[in-house]
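Q: Supplied in structure tokens, the structure appears directly below.
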Amino acid sequence: MSFAWLLRRLLLMAYTVVIVCVLVFAITQALPADAAQTLLGENASPEALAAVRARLGLNDPIWLQFVHWAAHAALGDFGVSMRTGLPVAPEMLTALSRSLLLALCAILVTLAIAVPLGIFAAIRQGRLADTITSLVAYVGVSLPEFVTATILTLVFTDKLPWLPATGYVSPLEDTAAAIAHLALPVLTVSVILVAHVMRMMRSETLDVLQSDYIRAARLKGLPERTVLTRHALRNALLPVITIVALDVGYLLGGVIVIEEIFAIPGIGRALMIAITTRDLPSIQAGAMIMAVTYAITNTAADVVYALIDRRIRYD
């Protein structure tokens with residue numbers, strides 16, 4: 001991995017963010033919502049509406065409005081929420097931190113379960129263990145999120161009152177309570193991700209185990225554990241890294257159902273509330289923050305990809 005490639009990758013990430021910035025602004029401008037009307041209410045006088053539009057620059061040309069918005073957004077200023085009257089950026093960043101915590105916990109649980117199970121299924125190909133793990137994976141992928149959440153809630157909240165059903169507690173306030181409140185959402189998300197990553201890990205491990213250099217390692221008399229851990233695992237993990245990076249983007253924006261069911265005030269739930277209430281600054285901030293986070297995780301995945309496999313060189 002060269003410095004020139006890393007610089008080009010960062011420039012490509014910045015270019016992607018700029019394109020997303022233009023699209024987000026264009027889409028929010030096309031929404032049937034009047035910012036002045038939303039701020040003042042339905043009974044506002046025409047004079048008051050005109051004064052607010054002038055203060056917010058809504059009478060300026062679209063391109064000038066975009067320049068002003070993008071300049072402030074680059075500095076982390078997305079304006080004031082039309083719903084709460086508070087600055088948008090701190091609220092959205094706080095929501096993002098909650099979603100990132102949920103995503104990180106789910107990814108760690110997924111990797112801890114899916115990678116060993118995928119390897120185990122690969123080395124037991126065609127046997128009963130392989131069949132059972134594959135069946136579990138298909139069931140996990142097939143179950144909708146709300147069904148999995150309902151089943152887990154019935155088991156661990158109603159039948160076995162071990163975990164709270166809803167709510168969120170910051171780890172900085174009470175670590176034990178935070179773990180208890182995150183347990184069910186993390187398990188719900190992990191059911192789907194484990195099935196996904198495990199199938200990928202099994203497939204890649206089978207491909208690697210059939211390669212020539214693995215046969216050569218076995219012919220040298222290396223122990224099977226060494227062949228798996230030092231030769232097969234590293235190469236089988238490469239596609240999994242890409243899948244995990246994509247799953248981070250899914251977890252940030254695609255788990256709105258999970259955040260709604262378990263009352264987690266994350267970025268997905270905050271963005272859904274903003275769309276429902278036509279809170280344009282919050283919509284713009286949420287979409288941009290999610291896009292930047294997604295771009296960063298994908299760039300980080302490419303870097304980790306190159307660090308794990310020294311044979312890869314980005315020219």
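Labels for the structure tokens follow display order: chains A, B, ..., residues from 1 in each chain, ligands from 1.
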Mind checking which residues fall within 9 Å of stretch 85-90 of chain A, counting only C-alpha atoms, ignoring those fewer than 2 positions away in the same chain, and posting them as a list in words?

A: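 In the requested form, the answer reads Leu39, Gly76, Asp77, Phe78, Gly79, Val80, Ser81, Met82, Arg83, Met92, Leu93, Thr94, Ala95, Pro281, Ser282, Ala285 and Gly286 of chain A.
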
Q: Write out as a ChimeraX atom specification the residues lying within 8 Å of stretch 20-30 of chain A, counting only C-alpha atoms and excluding same-chain residues fewer than 5 positions away.

A: /A:66,70,280,283-284,287-288,291

Q: For stretch 185-188 of chain A, work out the shell of residues within 10 Å, counting only C-alpha atoms and skipping chain neighbours fewer than 6 positions away, then give it as a ChimeraX atom specification.

A: /A:101-110,140,144-153,165-166,179,194,255,258-259,261-264

Q: Please produce a file of those selected residues containing N, CA and C atoms, as a CSV table (one decimal), in the first residue's frame.

A:
chain,number,residue,atom,x,y,z
A,101,LEU,N,-22.4,2.5,18.7
A,101,LEU,CA,-22.2,1.6,19.8
A,101,LEU,C,-23.0,0.3,19.6
A,102,LEU,N,-24.2,0.4,19.1
A,102,LEU,CA,-25.0,-0.8,18.7
A,102,LEU,C,-24.3,-1.5,17.6
A,103,ALA,N,-23.8,-0.8,16.6
A,103,ALA,CA,-23.2,-1.4,15.4
A,103,ALA,C,-21.9,-2.1,15.9
A,104,LEU,N,-21.1,-1.5,16.7
A,104,LEU,CA,-19.8,-2.1,17.1
A,104,LEU,C,-20.0,-3.3,17.9
A,105,CYS,N,-21.0,-3.3,18.9
A,105,CYS,CA,-21.3,-4.5,19.7
A,105,CYS,C,-21.8,-5.6,18.8
A,106,ALA,N,-22.7,-5.3,17.8
A,106,ALA,CA,-23.2,-6.3,16.9
A,106,ALA,C,-22.1,-6.9,16.1
A,107,ILE,N,-21.2,-6.1,15.6
A,107,ILE,CA,-20.1,-6.6,14.7
A,107,ILE,C,-19.2,-7.5,15.5
A,108,LEU,N,-18.8,-7.1,16.8
A,108,LEU,CA,-18.0,-7.9,17.6
A,108,LEU,C,-18.6,-9.3,17.9
A,109,VAL,N,-19.9,-9.3,18.3
A,109,VAL,CA,-20.6,-10.5,18.6
A,109,VAL,C,-20.7,-11.4,17.3
A,110,THR,N,-20.9,-10.7,16.2
A,110,THR,CA,-21.0,-11.5,14.9
A,110,THR,C,-19.7,-12.1,14.5
A,140,GLY,N,-31.7,-17.8,10.0
A,140,GLY,CA,-31.3,-16.5,10.5
A,140,GLY,C,-31.5,-15.4,9.4
A,144,PRO,N,-37.5,-12.1,9.5
A,144,PRO,CA,-37.5,-10.6,9.5
A,144,PRO,C,-37.0,-10.1,10.9
A,145,GLU,N,-36.5,-8.9,10.9
A,145,GLU,CA,-36.0,-8.3,12.1
A,145,GLU,C,-37.0,-8.2,13.2
A,146,PHE,N,-38.2,-7.8,12.9
A,146,PHE,CA,-39.2,-7.6,13.9
A,146,PHE,C,-39.7,-9.0,14.5
A,147,VAL,N,-39.6,-10.1,13.7
A,147,VAL,CA,-39.9,-11.4,14.2
A,147,VAL,C,-38.9,-11.9,15.2
A,148,THR,N,-37.6,-11.7,14.8
A,148,THR,CA,-36.5,-12.1,15.7
A,148,THR,C,-36.6,-11.3,17.0
A,149,ALA,N,-36.8,-9.9,16.9
A,149,ALA,CA,-36.9,-9.1,18.1
A,149,ALA,C,-38.1,-9.5,19.0
A,150,THR,N,-39.2,-9.9,18.4
A,150,THR,CA,-40.4,-10.3,19.2
A,150,THR,C,-40.1,-11.6,19.9
A,151,ILE,N,-39.4,-12.6,19.2
A,151,ILE,CA,-39.1,-13.9,19.8
A,151,ILE,C,-38.2,-13.7,21.0
A,152,LEU,N,-37.1,-12.9,20.8
A,152,LEU,CA,-36.1,-12.7,21.8
A,152,LEU,C,-36.8,-11.9,23.0
A,153,THR,N,-37.6,-11.0,22.7
A,153,THR,CA,-38.3,-10.3,23.8
A,153,THR,C,-39.2,-11.2,24.6
A,165,ALA,N,-36.9,-4.8,28.1
A,165,ALA,CA,-37.4,-4.9,26.8
A,165,ALA,C,-37.0,-3.6,25.9
A,166,THR,N,-37.0,-2.5,26.5
A,166,THR,CA,-36.8,-1.2,25.8
A,166,THR,C,-35.9,-0.3,26.6
A,179,ILE,N,-25.2,-2.5,29.2
A,179,ILE,CA,-25.1,-3.8,28.6
A,179,ILE,C,-26.4,-4.5,28.6
A,194,VAL,N,-24.8,-12.8,11.7
A,194,VAL,CA,-24.1,-14.1,11.9
A,194,VAL,C,-24.3,-15.0,10.7
A,255,VAL,N,-31.3,-0.2,10.5
A,255,VAL,CA,-31.8,-0.8,11.7
A,255,VAL,C,-32.8,0.1,12.4
A,258,ILE,N,-35.2,-1.9,14.4
A,258,ILE,CA,-34.6,-2.3,15.7
A,258,ILE,C,-34.7,-1.1,16.7
A,259,GLU,N,-34.3,0.1,16.2
A,259,GLU,CA,-34.3,1.2,17.1
A,259,GLU,C,-35.7,1.6,17.5
A,261,ILE,N,-38.3,-0.6,17.8
A,261,ILE,CA,-38.8,-1.7,18.7
A,261,ILE,C,-38.2,-1.5,20.1
A,262,PHE,N,-36.9,-1.3,20.2
A,262,PHE,CA,-36.3,-1.2,21.5
A,262,PHE,C,-36.1,0.2,22.0
A,263,ALA,N,-36.7,1.2,21.3
A,263,ALA,CA,-36.6,2.6,21.8
A,263,ALA,C,-35.2,3.1,22.0
A,264,ILE,N,-34.4,2.8,21.0
A,264,ILE,CA,-33.0,3.3,21.0
A,264,ILE,C,-32.9,4.6,20.2

Q: Taking only stretch 82-230 of chain A into account, list the residues labelled helix (DSSP H, G or I) by DSSP (computed from the backbone), as an MDAnalysis selection string.

A: chainID A and resid 88:123 128:142 145:159 175:209 212:219 224:230

Q: Counting only C-alpha atoms, which residue out of A:Ala232, A:Asp174, A:Thr242, A:His68 sits closest to A:Met200?

A: A:Thr242

Q: Tell me, in Å to one decimal, how far atom CA of A:Val115 is from atom CA of A:Ala178.

A: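 Going from atom CA of A:Val115 over to atom CA of A:Ala178 covers 26.1 Å.
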